[in-house]
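Visitor: Structure file work.txt (compact mmCIF, C-alpha atoms) is given on the next line.
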# COMPACT_ATOMS: atom_id res chain seq x y z
CA MET A 287 9.23 -21.72 -37.60
CA ARG A 288 10.60 -19.50 -34.82
CA PHE A 289 13.59 -17.55 -36.01
CA LEU A 290 16.93 -17.26 -34.23
CA ILE A 291 16.83 -14.21 -31.99
CA CYS A 292 19.49 -11.57 -32.51
CA LEU A 293 20.52 -9.41 -29.56
CA LEU A 294 20.39 -5.61 -29.64
CA PHE A 295 20.67 -3.01 -26.89
CA LEU A 296 17.65 -2.10 -24.82
CA SER A 297 16.41 1.47 -24.70
CA THR A 298 13.75 3.24 -22.67
CA PRO A 299 10.34 1.52 -22.96
CA ALA A 300 6.98 3.20 -23.30
CA LEU A 301 5.60 3.37 -19.76
CA ALA A 302 2.29 4.36 -18.21
CA GLU A 303 2.03 7.98 -17.13
CA LEU A 304 0.03 7.38 -13.94
CA PRO A 305 1.20 5.57 -10.79
CA ASP A 306 -0.37 2.37 -9.49
CA CYS A 307 -3.46 2.78 -7.31
CA ALA A 308 -1.82 0.88 -4.45
CA GLU A 309 -1.19 4.03 -2.41
CA ASP A 310 -4.85 5.10 -2.14
CA THR A 311 -4.29 8.23 -4.18
CA ALA A 312 -5.79 9.61 -7.36
CA PRO A 313 -5.05 10.09 -10.20
CA CYS A 314 -3.77 6.56 -10.64
CA GLN A 315 -4.25 3.48 -12.78
CA MET A 316 -4.50 -0.29 -12.55
CA VAL A 317 -3.53 -2.79 -15.25
CA TRP A 318 -4.70 -6.39 -15.29
CA ILE A 319 -4.95 -9.42 -17.55
CA GLU A 320 -8.45 -10.52 -18.52
CA ASN A 321 -9.00 -13.47 -20.85
CA GLY A 322 -5.52 -13.02 -22.25
CA GLU A 323 -5.93 -9.30 -22.92
CA LYS A 324 -4.36 -6.25 -21.28
CA ARG A 325 -6.92 -4.03 -19.53
CA VAL A 326 -6.33 -0.57 -18.09
CA VAL A 327 -8.51 1.54 -15.78
CA GLN A 328 -7.61 5.08 -14.74
CA ILE A 329 -9.04 6.84 -11.68
CA HIS A 330 -9.16 10.65 -11.52
CA PRO A 331 -10.55 13.10 -8.96
CA ALA A 332 -13.93 14.44 -10.09
CA THR A 333 -13.81 17.74 -11.93
CA ALA A 334 -17.31 18.71 -10.76
CA SER A 335 -19.59 18.08 -7.79
CA PRO A 336 -21.53 14.81 -7.96
CA THR A 337 -25.10 14.92 -9.21
CA ASP A 338 -25.83 11.93 -6.96
CA GLU A 339 -24.16 12.14 -3.53
CA SER A 340 -24.98 8.48 -2.85
CA LEU A 341 -22.27 7.38 -5.30
CA ALA A 342 -18.54 7.00 -4.69
CA GLY A 343 -17.74 7.84 -8.31
CA ARG A 344 -18.82 7.49 -11.91
CA PHE A 345 -17.70 5.88 -15.15
CA VAL A 346 -16.59 8.58 -17.59
CA GLY A 347 -15.95 6.53 -20.71
CA ARG A 348 -13.56 4.38 -22.70
CA ASP A 349 -10.87 5.95 -24.86
CA GLY A 350 -8.05 4.17 -26.64
CA GLY A 351 -8.66 0.97 -24.69
CA ILE A 352 -8.49 2.76 -21.32
CA ASP A 353 -11.56 2.88 -19.05
CA ARG A 354 -11.73 6.11 -17.08
CA PHE A 355 -13.51 6.73 -13.77
CA GLU A 356 -13.88 9.77 -11.52
CA VAL A 357 -14.12 9.57 -7.73
CA PHE A 358 -16.15 12.03 -5.68
CA ALA A 359 -13.62 12.48 -2.88
CA LEU A 360 -10.37 14.10 -1.96
CA ALA A 361 -7.43 12.00 -3.07
CA ASP A 362 -6.46 11.01 0.49
CA ARG A 363 -9.96 9.67 1.20
CA PHE A 364 -10.03 7.34 -1.78
CA GLY A 365 -9.53 3.60 -1.26
CA THR A 366 -7.67 1.29 -3.62
CA PRO A 367 -10.09 0.22 -6.39
CA THR A 368 -11.32 -3.35 -6.50
CA ILE A 369 -11.23 -5.46 -9.66
CA ARG A 370 -13.23 -8.68 -9.38
CA ASP A 371 -16.01 -10.59 -11.14
CA MET A 372 -18.89 -9.43 -8.94
CA GLY A 373 -21.59 -10.62 -11.30
CA SER A 374 -20.17 -14.12 -11.88
CA ASP A 375 -20.39 -13.61 -15.64
CA GLY A 376 -16.70 -14.02 -16.48
CA ARG A 377 -16.06 -10.27 -16.71
CA MET A 378 -14.08 -8.20 -14.25
CA ASP A 379 -16.05 -5.43 -12.56
CA ILE A 380 -14.88 -2.32 -10.69
CA GLY A 381 -15.50 -1.26 -7.08
CA LEU A 382 -14.75 2.28 -5.84
CA PHE A 383 -14.60 3.20 -2.16
CA VAL A 384 -14.54 6.71 -0.68
CA GLN A 385 -14.48 7.37 3.04
CA SER A 386 -17.32 9.62 4.22
CA GLY A 387 -16.69 9.70 7.96
CA MET A 388 -14.32 8.48 10.65
CA VAL A 389 -15.10 4.84 9.86
CA ASN A 390 -17.76 4.41 7.19
CA GLY A 391 -17.74 5.07 3.48
CA LEU A 392 -19.49 4.54 0.17
CA TYR A 393 -18.64 1.52 -1.96
CA SER A 394 -19.96 1.77 -5.53
CA MET A 395 -19.80 -1.27 -7.79
CA PHE A 396 -19.79 -1.03 -11.58
CA ARG A 397 -20.56 -4.00 -13.84
CA GLN A 398 -18.62 -4.40 -17.06
CA THR A 399 -20.54 -4.24 -20.34
CA GLU A 400 -19.55 -4.49 -24.00
CA THR A 401 -18.92 -0.73 -24.18
CA GLY A 402 -17.63 0.08 -20.69
CA PHE A 403 -19.07 -0.04 -17.17
CA THR A 404 -22.45 0.73 -15.66
CA HIS A 405 -23.35 1.44 -12.02
CA TRP A 406 -24.79 -1.63 -10.34
CA GLU A 407 -25.04 -1.06 -6.58
CA THR A 408 -23.71 1.27 -3.87
CA LEU A 409 -23.27 0.06 -0.29
CA PHE A 410 -22.57 2.08 2.87
CA GLY A 411 -20.42 0.92 5.77
CA HIS A 412 -16.88 -0.21 6.53
CA THR A 413 -16.98 -3.93 5.64
CA PHE A 414 -18.57 -5.33 2.50
CA PHE A 415 -19.19 -9.02 1.90
CA GLN A 416 -21.21 -11.38 -0.21
CA ASP A 417 -23.00 -13.61 2.24
CA GLN A 418 -23.08 -17.37 1.72
CA SER A 419 -26.75 -16.91 0.79
CA GLY A 420 -25.69 -14.76 -2.18
CA LEU A 421 -26.92 -11.52 -0.60
CA LEU A 422 -24.67 -8.46 -0.33
CA THR A 423 -23.99 -7.12 3.16
CA ALA A 424 -22.51 -3.82 4.32
CA THR A 425 -21.82 -3.27 8.01
CA GLY A 426 -21.16 0.19 9.44
CA ARG A 427 -21.12 1.95 12.77
CA SER A 428 -24.10 4.27 13.28
CA SER A 429 -23.18 5.37 16.82
CA CYS A 430 -20.83 4.49 19.66
CA CYS A 431 -22.96 1.49 20.62
CA GLU A 432 -24.72 0.38 17.46
CA LEU A 433 -23.76 -1.47 14.29
CA VAL A 434 -26.06 -1.46 11.29
CA THR A 435 -25.83 -4.18 8.67
CA ARG A 436 -27.61 -3.40 5.43
CA VAL A 437 -28.54 -6.41 3.34
CA HIS A 438 -29.08 -6.05 -0.40
CA SER A 439 -30.34 -8.46 -3.02
CA PRO A 440 -28.37 -8.41 -6.29
CA ASN A 441 -31.59 -9.55 -8.01
CA GLY A 442 -33.91 -6.83 -6.63
CA ASP A 443 -35.78 -9.09 -4.20
CA ASP A 444 -37.69 -6.75 -1.83
CA VAL A 445 -37.68 -9.30 1.00
CA ALA A 446 -33.88 -9.35 0.83
CA ASP A 447 -33.40 -5.56 1.16
CA PHE A 448 -33.36 -4.56 4.81
CA ALA A 449 -31.22 -3.17 7.62
CA LEU A 450 -30.42 -4.83 10.92
CA SER A 451 -29.51 -2.88 14.06
CA VAL A 452 -27.20 -4.70 16.49
CA ARG A 453 -26.19 -3.48 19.95
CA PRO A 454 -23.91 -5.09 22.53
CA GLN A 455 -25.35 -7.45 25.10
CA GLY A 456 -26.39 -5.50 28.19
CA ALA A 457 -27.02 -2.30 26.21
CA PRO A 458 -30.41 -2.73 24.54
CA GLY A 459 -32.02 -0.05 22.43
CA PRO A 460 -35.16 1.97 23.23
CA ASP A 461 -37.36 -1.01 22.38
CA GLY A 462 -35.51 -3.21 24.87
CA THR A 463 -33.82 -5.40 22.24
CA THR A 464 -30.21 -5.70 21.12
CA CYS A 465 -31.07 -6.80 17.57
CA ARG A 466 -33.95 -5.61 15.40
CA VAL A 467 -34.93 -5.19 11.76
CA LEU A 468 -35.15 -1.48 11.03
CA PRO A 469 -38.24 0.06 9.43
CA PRO A 470 -39.67 0.41 6.88
CA ALA A 471 -38.92 -3.26 6.25
CA ASP A 472 -41.46 -5.82 7.45
CA GLY A 473 -39.53 -7.36 10.34
CA SER A 474 -41.78 -10.39 10.58
CA ALA A 475 -41.42 -11.26 6.89
CA ILE A 476 -37.68 -10.62 6.96
CA ARG A 477 -37.15 -12.93 9.94
CA THR A 478 -39.23 -15.64 8.27
CA HIS A 479 -37.20 -15.55 5.05
CA HIS A 480 -33.73 -14.97 6.53
CA ALA A 481 -33.76 -16.55 9.98
CA ASP A 482 -30.27 -18.07 9.75
CA LEU A 483 -28.67 -14.86 8.48
CA ILE A 484 -30.33 -12.73 11.17
CA ASP A 485 -29.42 -15.16 13.95
CA ALA A 486 -25.77 -14.95 12.87
CA TYR A 487 -25.65 -11.17 12.41
CA CYS A 488 -27.39 -10.51 15.72
CA THR A 489 -24.12 -11.61 17.36
CA ALA A 490 -22.09 -9.01 15.41
CA TYR A 491 -20.95 -7.22 18.55
CA GLU A 492 -19.64 -10.42 20.09
CA SER A 493 -18.37 -12.18 16.94
CA ASP A 494 -17.22 -11.44 13.41
CA ALA A 495 -20.47 -12.72 11.93
CA ALA A 496 -20.01 -11.12 8.50
CA ALA A 497 -16.59 -12.67 7.89
CA ALA A 498 -17.72 -16.05 9.24
CA ARG A 499 -20.60 -16.23 6.75
CA ALA A 500 -18.84 -14.52 3.84
CA SER A 501 -18.34 -16.26 0.53
CA ALA A 502 -16.41 -13.24 -0.78
CA ASP A 503 -14.91 -9.97 0.42
CA LEU A 504 -16.29 -7.45 -2.07
CA ARG A 505 -13.26 -5.17 -1.63
CA GLU A 506 -10.74 -7.89 -2.46
CA SER A 507 -9.46 -7.89 -6.05
CA THR A 508 -9.39 -11.25 -7.82
CA ALA A 509 -8.02 -9.96 -11.14
CA ARG A 510 -4.41 -10.68 -12.09
CA ILE A 511 -3.09 -7.16 -11.56
CA VAL A 512 0.16 -6.18 -13.28
CA PRO A 513 2.55 -3.90 -11.33
CA GLN A 514 3.71 -0.57 -12.71
CA GLY A 515 6.71 -0.84 -15.01
CA THR A 516 6.01 -4.41 -16.14
CA ILE A 517 7.35 -5.18 -19.60
CA PHE A 518 6.51 -8.88 -19.76
CA ASN A 519 4.69 -11.29 -17.44
CA CYS A 520 3.19 -14.75 -17.90
CA THR A 521 2.60 -18.04 -16.10
CA PHE A 522 3.46 -21.60 -17.12
CA ALA A 523 1.78 -24.98 -16.78
CA ASN A 524 4.08 -25.77 -13.84
CA GLY A 525 2.50 -22.98 -11.76
CA LYS A 526 5.49 -20.66 -12.03
CA GLU A 527 5.76 -17.25 -13.65
CA VAL A 528 8.32 -15.00 -15.28
CA MET A 529 8.27 -11.22 -14.96
CA LEU A 530 10.42 -8.53 -16.53
CA ARG A 531 10.04 -5.04 -15.02
CA ARG A 532 11.68 -1.66 -15.37
CA ASP A 533 12.35 0.03 -12.03
CA ASP A 534 14.26 3.30 -11.79
CA ARG A 535 16.15 2.75 -15.06
CA ARG A 536 17.02 -0.81 -14.12
CA ILE A 537 15.57 -4.05 -15.45
CA VAL A 538 14.49 -6.72 -12.96
CA TYR A 539 13.94 -10.32 -14.08
CA ARG A 540 12.02 -12.63 -11.73
CA TYR A 541 11.24 -16.33 -12.11
CA GLY A 542 9.52 -18.63 -9.63
CA PRO A 543 6.21 -19.55 -7.98
CA MET A 544 3.38 -17.06 -8.40
CA ASP A 545 2.71 -16.79 -4.66
CA GLY A 546 6.11 -17.65 -3.23
CA GLU A 547 9.73 -16.60 -3.10
CA PRO A 548 11.35 -16.32 -6.55
CA GLU A 549 13.89 -18.95 -7.60
CA LEU A 550 15.91 -16.44 -9.61
CA VAL A 551 16.08 -12.64 -9.52
CA LEU A 552 18.37 -10.68 -11.85
CA ASP A 553 18.80 -6.91 -11.50
CA ARG A 554 20.63 -5.13 -14.32
CA ALA A 555 21.15 -1.63 -15.66
CA GLU A 556 18.96 -1.26 -18.72
CA THR A 557 22.02 -0.77 -20.92
CA ASP A 558 23.18 -4.27 -19.89
CA VAL A 559 19.99 -5.89 -21.22
CA THR A 560 19.37 -6.61 -24.90
CA PHE A 561 16.12 -6.00 -26.68
CA ARG A 562 14.40 -5.80 -30.03
CA PRO A 563 10.81 -4.58 -30.47
CA GLU A 564 10.08 -6.46 -33.71
CA THR A 565 11.95 -8.77 -36.04
CA GLY A 566 11.39 -11.80 -38.25
CA ALA A 567 10.10 -12.49 -41.74
CA ARG A 568 6.67 -12.57 -43.33
CA SER A 569 5.69 -15.86 -41.70
CA SER A 570 6.81 -14.87 -38.19
CA ARG A 571 7.11 -11.54 -36.40
CA PHE A 572 8.22 -11.24 -32.79
CA ALA A 573 9.69 -8.96 -30.11
CA PHE A 574 12.04 -10.02 -27.37
CA ALA A 575 14.19 -8.95 -24.44
CA ALA A 576 17.21 -10.88 -23.14
CA ILE A 577 19.25 -10.67 -19.96
CA ARG A 578 22.56 -12.43 -19.24
CA ASN A 579 23.84 -14.07 -16.08
CA ALA A 580 27.01 -16.17 -15.62
CA GLY A 581 27.16 -17.06 -19.31
CA PHE A 582 23.47 -17.99 -19.55
CA THR A 583 20.92 -15.90 -21.47
CA TYR A 584 17.29 -15.57 -20.37
CA THR A 585 15.01 -14.43 -23.19
CA VAL A 586 11.30 -13.61 -23.14
CA THR A 587 9.58 -13.47 -26.51
CA SER A 588 6.17 -12.42 -27.83
CA GLY A 589 5.31 -13.09 -31.42
CA ARG A 590 2.92 -14.34 -34.07
CA GLU A 591 3.34 -17.06 -36.64
CA TYR A 592 1.43 -16.46 -39.87
CA ASP A 593 -0.01 -19.16 -42.08
CA VAL A 594 0.33 -17.51 -45.49
CA PRO A 595 -1.87 -19.34 -48.04
CA PRO A 596 -0.89 -19.69 -51.72
CA ASP A 597 -3.97 -17.69 -52.73
CA PRO A 598 -3.06 -13.99 -52.22
CA ASP A 599 -6.75 -13.18 -51.68
CA ALA A 600 -7.22 -15.74 -48.90
CA PRO A 601 -7.11 -14.54 -45.27
CA ILE A 602 -3.85 -14.95 -43.38
CA GLU A 603 -4.19 -16.82 -40.09
CA ALA A 604 -2.06 -15.61 -37.16
CA ALA A 605 -1.12 -17.77 -34.17
CA PRO A 606 0.34 -15.85 -31.19
CA TYR A 607 3.07 -17.37 -29.06
CA HIS A 608 4.89 -16.24 -25.91
CA LEU A 609 7.77 -18.07 -24.30
CA LEU A 610 10.81 -18.07 -22.02
CA THR A 611 14.05 -19.47 -23.40
CA VAL A 612 17.23 -20.16 -21.42
CA THR A 613 20.44 -20.59 -23.43
CA ASP A 614 23.66 -22.04 -21.97
CA PRO A 615 27.18 -20.62 -22.59
CA SER A 616 27.62 -22.86 -25.64
CA GLY A 617 24.53 -21.37 -27.31
CA GLN A 618 22.27 -24.38 -26.74
CA ASP A 619 18.66 -23.86 -25.59
CA ILE A 620 18.31 -25.77 -22.32
CA VAL A 621 14.83 -24.44 -21.41
CA GLN A 622 11.92 -23.40 -23.60
CA ASN A 623 8.68 -22.83 -21.69
CA ASP A 624 5.52 -21.72 -23.49
CA CYS A 625 3.30 -19.30 -21.60
CA LEU A 626 -0.33 -20.10 -20.82
CA ALA A 627 -2.24 -18.15 -23.46
CA ASP A 628 -4.64 -16.32 -21.10
CA SER A 629 -1.88 -15.28 -18.67
CA VAL A 630 0.29 -13.10 -20.90
CA PHE A 631 1.06 -9.43 -20.44
CA SER A 632 3.53 -8.09 -23.00
CA ASP A 633 4.60 -4.56 -23.86
CA LEU A 634 7.73 -5.76 -25.65
CA HIS A 635 6.45 -4.43 -28.96
CA LEU A 636 6.09 -0.91 -27.48
CA MET A 637 9.74 -0.60 -26.51
CA LYS A 638 12.11 1.26 -28.77
CA GLU A 639 15.66 0.51 -29.84
Represent the structure contained in this file as structure tokens.
Guide:
Amino acid sequence: MRFLICLLFLSTPALAELPDCAEDTAPCQMVWIENGEKRVVQIHPATASPTDESLAGRFVGRDGGIDRFEVFALADRFGTPTIRDMGSDGRMDIGLFVQSGMVNGLYSMFRQTETGFTHWETLFGHTFFQDQSGLLTATGRSSCCELVTRVHSPNGDDVADFALSVRPQGAPGPDGTTCRVLPPADGSAIRTHHADLIDAYCTAYESDAAAARASADLRESTARIVPQGTIFNCTFANGKEVMLRRDDRRIVYRYGPMDGEPELVLDRAETDVTFRPETGARSSRFAFAAIRNAGFTYTVTSGREYDVPPDPDAPIEAAPYHLLTVTDPSGQDIVQNDCLADSVFSDLHLMKE
């Protein structure tokens, strides 16, 4: 049974200490939802010189549920981190980019493990894609009139690790060609195994070959990233979402399509919003926040219902629930939408009365 929610005044919530990484600066942090769980990664400038200058950064460790990385670059040369499943194993991985010249930079990818993250691959260039063949490609400018695309195999296939030099038509290189496989790779073997890829990339100066063949942009995040100040966020079966955020001592409620204009936005002083971090009885504990508008009350709730067995020694089963309730001026619930289980972010329980 879900208990009737009582309304109390909201106070200052517990917020993250670091800003979002959206401004390409460090230190910063990113929060995302992965398999229904809140994940946090923090990025800090390195405290010492790198032992391997071919890396953009390193994984420091996991502490208190927060994964910490260091980047080997000045803060203003650090790109926004990437969070995506690069290994297609259902886990979100991390990509770090640091600029190392006017155009090019290092892009280090770290695969998620049970205990943290481990370095997987580092690419050099300014665009990074997964080709439709499954190979990883990094294209960078090596001079005013030459692009170099480095191709890497995620499986360690030697025939799939090579570099391709491309020059504009009418400006061939010393060997008289505008496209060649760079040594020490065996150009003949490479062209035999990857004829289609090479034919496409040899037009890189005249066309956007990498983007045309790409199955994924390796610098594009696919994780469901939660903005700074979010108190509650979830999606529903109808494709819409609800979000409650704190912004400059105000509370903003948003409801509507995930990728479209919101259907309802409410902006209130935090003292005009009601909240309780935890309430209920033994069989149900929950936290909630409620915001009023024109006589209607919009309440987001996170809780657990407990199945308490007669045997005191038997384990107690807990079933989490998260929902949005809309109550009309007469006190009747006119909307009750349950959140999709794997979409929920909730810090309601961390807020204090």
Visitor: Taking (15.7, 2.3, -17.0) as a centre in this file's frame and 7 Å as the limit, can you find every polymer residue with an atom that close, using all atoms listed in the file, and give them as a PyMOL selection string?
Guide: chain A and resi 298+532-537+555-556
Visitor: Considering only C-alpha atoms, state which residue in the set A:Asp472, A:Asp494, A:Asp624, A:Asp461 is at the smallest distance from Val528 in chain A.
Guide: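 Under the stated criterion, the closest residue is A:Asp624.
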Visitor: What's the separation between CA of Arg571 in chain A and CA of Arg590 in chain A, in Å to one decimal place?
Guide: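 For CA of Arg571 in chain A relative to CA of Arg590 in chain A, the distance reads 5.6 Å.
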Visitor: Find the residues around Arg377 in chain A up to 10 Å (all atoms listed in the file counted), leave out those fewer than 6 positions away in its own chain, and share them as a JSON list (two decimals) with C-alpha atoms, in the coordinates of the input.
Guide:
[["chain", "number", "residue", "atom", "x", "y", "z"],
["A", 320, "GLU", "CA", -8.45, -10.52, -18.52],
["A", 321, "ASN", "CA", -9.00, -13.47, -20.85],
["A", 369, "ILE", "CA", -11.23, -5.46, -9.66],
["A", 370, "ARG", "CA", -13.23, -8.68, -9.38],
["A", 371, "ASP", "CA", -16.01, -10.59, -11.14],
["A", 397, "ARG", "CA", -20.56, -4.00, -13.84],
["A", 398, "GLN", "CA", -18.62, -4.40, -17.06],
["A", 399, "THR", "CA", -20.54, -4.24, -20.34],
["A", 400, "GLU", "CA", -19.55, -4.49, -24.00],
["A", 509, "ALA", "CA", -8.02, -9.96, -11.14]]
Visitor: Can you pull out every residue within 9 Å of range 522-525 of chain A, counting all atoms listed in the file, but drop anything in the same chain fewer than 4 positions away, and send it as a short mmCIF file (atom, residue, chain, number, x, y, z; two decimals) with C-alpha atoms, in the coordinates of the input?
Guide:
data_model
loop_
_atom_site.label_atom_id
_atom_site.label_comp_id
_atom_site.auth_asym_id
_atom_site.auth_seq_id
_atom_site.Cartn_x
_atom_site.Cartn_y
_atom_site.Cartn_z
CA GLY A 542 9.52 -18.63 -9.63
CA PRO A 543 6.21 -19.55 -7.98
CA MET A 544 3.38 -17.06 -8.40
CA ASN A 623 8.68 -22.83 -21.69
CA ASP A 624 5.52 -21.72 -23.49
CA CYS A 625 3.30 -19.30 -21.60
CA LEU A 626 -0.33 -20.10 -20.82
CA SER A 629 -1.88 -15.28 -18.67
#
Visitor: Just give me the gap between CA of Thr368 in chain A and CA of Thr423 in chain A in Å, one decimal is fine.
Guide: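 The value is 16.4 Å.
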Visitor: If you measure from CA of Ser428 in chain A to CA of Phe396 in chain A, what distance in Å do you get, rounded to one decimal?
Guide: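 Interatomic distance, CA of Ser428 in chain A to CA of Phe396 in chain A: 25.8 Å.
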Visitor: Restricting the calculation to only C-alpha atoms, which member of A:Val630, A:Val551, A:Ala342, A:Cys314 is positioned closest to Glu407 in chain A?
Guide: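 Counting only C-alpha atoms, the residue closest to Glu407 in chain A is A:Ala342.
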Visitor: Which of these, A:Thr521, A:Thr516, A:Thr463, A:Ser451, has the shortest distance to Tyr487 in chain A once you count all atoms listed in the file?
Guide: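 Answer, going by the shortest atom-to-atom distance: A:Ser451.
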Visitor: Find the spatial neighbours of Ala573 in chain A, counting all atoms listed in the file, within a cut-off of 7 Å - ignore same-chain residues fewer than 6 positions away - and output them as a list in words.
Guide: Arg562, Pro563, Glu564, Thr565, Thr587, Ser588, Gly589, Leu634 and His635 of chain A
Visitor: I want to know what sits within 6 Å of Ala575 in chain A, based on all atoms listed in the file, with residues of the same chain fewer than 3 positions away left out; could you give that as a PDB file with C-alpha atoms, in the coordinates of the input?
Guide:
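Listed below is the output, around06.pdb:
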ATOM      1  CA  THR A 560      19.370  -6.610 -24.900  1.00  0.00           C
ATOM      2  CA  PHE A 561      16.120  -6.000 -26.680  1.00  0.00           C
ATOM      3  CA  THR A 585      15.010 -14.430 -23.190  1.00  0.00           C
ATOM      4  CA  VAL A 586      11.300 -13.610 -23.140  1.00  0.00           C
TER       5      VAL A 586
END
Visitor: Just the residues within 9 Å of range 429-443 of chain A, please, counting all atoms listed in the file, with nothing from its chain fewer than 4 positions along; format it as a ChimeraX atom specification.
Guide: /A:373,406-407,409-411,420-425,447-454,457,459,464,487,490-491
Visitor: Taking only C-alpha atoms into account, name the residue in A:Ala446, A:Ile352, A:Leu341, A:Val389 that is nearest to His479 in chain A.
Guide: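 Ranked by minimum distance to His479 in chain A, first place goes to A:Ala446.
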Visitor: When distances are computed from all atoms listed in the file, which of A:Met395, A:Val612, A:Met388, A:Ala308 shows the smallest separation from Arg427 in chain A?
Guide: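 Nearest candidate to Arg427 in chain A out of A:Met395, A:Val612, A:Met388, A:Ala308: A:Met388.
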Visitor: Point out the residue among A:Gln418, A:Asn579, A:Ser340, A:Thr366 with the least atom-to-atom distance to Pro313 in chain A, counting all atoms listed in the file.
Guide: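 Closest candidate: A:Thr366.
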Visitor: Since the input is missing atoms for range 364-370 of chain A, could you rebuild it with all heavy atoms and give the result as a PDB file, in the frame of the given file?
Guide:
ATOM      1  N   PHE A 364      -9.663   8.278  -0.715  1.00  0.00           N
ATOM      2  CA  PHE A 364     -10.030   7.340  -1.780  1.00  0.00           C
ATOM      3  C   PHE A 364      -9.329   6.011  -1.540  1.00  0.00           C
ATOM      4  O   PHE A 364      -8.119   5.955  -1.392  1.00  0.00           O
ATOM      5  CB  PHE A 364      -9.624   7.953  -3.118  1.00  0.00           C
ATOM      6  CG  PHE A 364      -9.507   6.982  -4.251  1.00  0.00           C
ATOM      7  CD1 PHE A 364     -10.598   6.218  -4.645  1.00  0.00           C
ATOM      8  CD2 PHE A 364      -8.318   6.819  -4.927  1.00  0.00           C
ATOM      9  CE1 PHE A 364     -10.489   5.332  -5.687  1.00  0.00           C
ATOM     10  CE2 PHE A 364      -8.199   5.937  -5.972  1.00  0.00           C
ATOM     11  CZ  PHE A 364      -9.294   5.192  -6.353  1.00  0.00           C
ATOM     12  N   GLY A 365     -10.100   4.926  -1.483  1.00  0.00           N
ATOM     13  CA  GLY A 365      -9.530   3.600  -1.260  1.00  0.00           C
ATOM     14  C   GLY A 365      -9.061   2.966  -2.554  1.00  0.00           C
ATOM     15  O   GLY A 365      -9.489   3.329  -3.647  1.00  0.00           O
ATOM     16  N   THR A 366      -8.158   2.005  -2.440  1.00  0.00           N
ATOM     17  CA  THR A 366      -7.670   1.290  -3.620  1.00  0.00           C
ATOM     18  C   THR A 366      -8.842   0.637  -4.349  1.00  0.00           C
ATOM     19  O   THR A 366      -9.647  -0.055  -3.732  1.00  0.00           O
ATOM     20  CB  THR A 366      -6.665   0.209  -3.202  1.00  0.00           C
ATOM     21  OG1 THR A 366      -5.605   0.823  -2.479  1.00  0.00           O
ATOM     22  CG2 THR A 366      -6.106  -0.501  -4.419  1.00  0.00           C
ATOM     23  N   PRO A 367      -8.979   0.844  -5.653  1.00  0.00           N
ATOM     24  CA  PRO A 367     -10.090   0.220  -6.390  1.00  0.00           C
ATOM     25  C   PRO A 367     -10.036  -1.301  -6.333  1.00  0.00           C
ATOM     26  O   PRO A 367      -8.971  -1.899  -6.165  1.00  0.00           O
ATOM     27  CB  PRO A 367      -9.879   0.719  -7.833  1.00  0.00           C
ATOM     28  CG  PRO A 367      -9.037   1.934  -7.699  1.00  0.00           C
ATOM     29  CD  PRO A 367      -8.156   1.704  -6.516  1.00  0.00           C
ATOM     30  N   THR A 368     -11.191  -1.896  -6.481  1.00  0.00           N
ATOM     31  CA  THR A 368     -11.320  -3.350  -6.500  1.00  0.00           C
ATOM     32  C   THR A 368     -11.630  -3.812  -7.914  1.00  0.00           C
ATOM     33  O   THR A 368     -12.466  -3.215  -8.594  1.00  0.00           O
ATOM     34  CB  THR A 368     -12.445  -3.805  -5.560  1.00  0.00           C
ATOM     35  OG1 THR A 368     -12.190  -3.318  -4.244  1.00  0.00           O
ATOM     36  CG2 THR A 368     -12.556  -5.324  -5.528  1.00  0.00           C
ATOM     37  N   ILE A 369     -10.956  -4.859  -8.352  1.00  0.00           N
ATOM     38  CA  ILE A 369     -11.230  -5.460  -9.660  1.00  0.00           C
ATOM     39  C   ILE A 369     -11.550  -6.931  -9.419  1.00  0.00           C
ATOM     40  O   ILE A 369     -10.680  -7.709  -9.045  1.00  0.00           O
ATOM     41  CB  ILE A 369     -10.035  -5.308 -10.612  1.00  0.00           C
ATOM     42  CG1 ILE A 369      -9.635  -3.838 -10.743  1.00  0.00           C
ATOM     43  CG2 ILE A 369     -10.373  -5.888 -11.984  1.00  0.00           C
ATOM     44  CD1 ILE A 369      -8.389  -3.613 -11.564  1.00  0.00           C
ATOM     45  N   ARG A 370     -12.806  -7.308  -9.592  1.00  0.00           N
ATOM     46  CA  ARG A 370     -13.230  -8.680  -9.380  1.00  0.00           C
ATOM     47  C   ARG A 370     -14.503  -8.934 -10.176  1.00  0.00           C
ATOM     48  O   ARG A 370     -15.220  -8.001 -10.566  1.00  0.00           O
ATOM     49  CB  ARG A 370     -13.475  -8.975  -7.892  1.00  0.00           C
ATOM     50  CG  ARG A 370     -14.587  -8.187  -7.249  1.00  0.00           C
ATOM     51  CD  ARG A 370     -14.837  -8.610  -5.793  1.00  0.00           C
ATOM     52  NE  ARG A 370     -15.270  -9.990  -5.695  1.00  0.00           N
ATOM     53  CZ  ARG A 370     -14.629 -10.912  -4.988  1.00  0.00           C
ATOM     54  NH1 ARG A 370     -13.543 -10.599  -4.321  1.00  0.00           N
ATOM     55  NH2 ARG A 370     -15.081 -12.145  -4.940  1.00  0.00           N
TER      56      ARG A 370
END
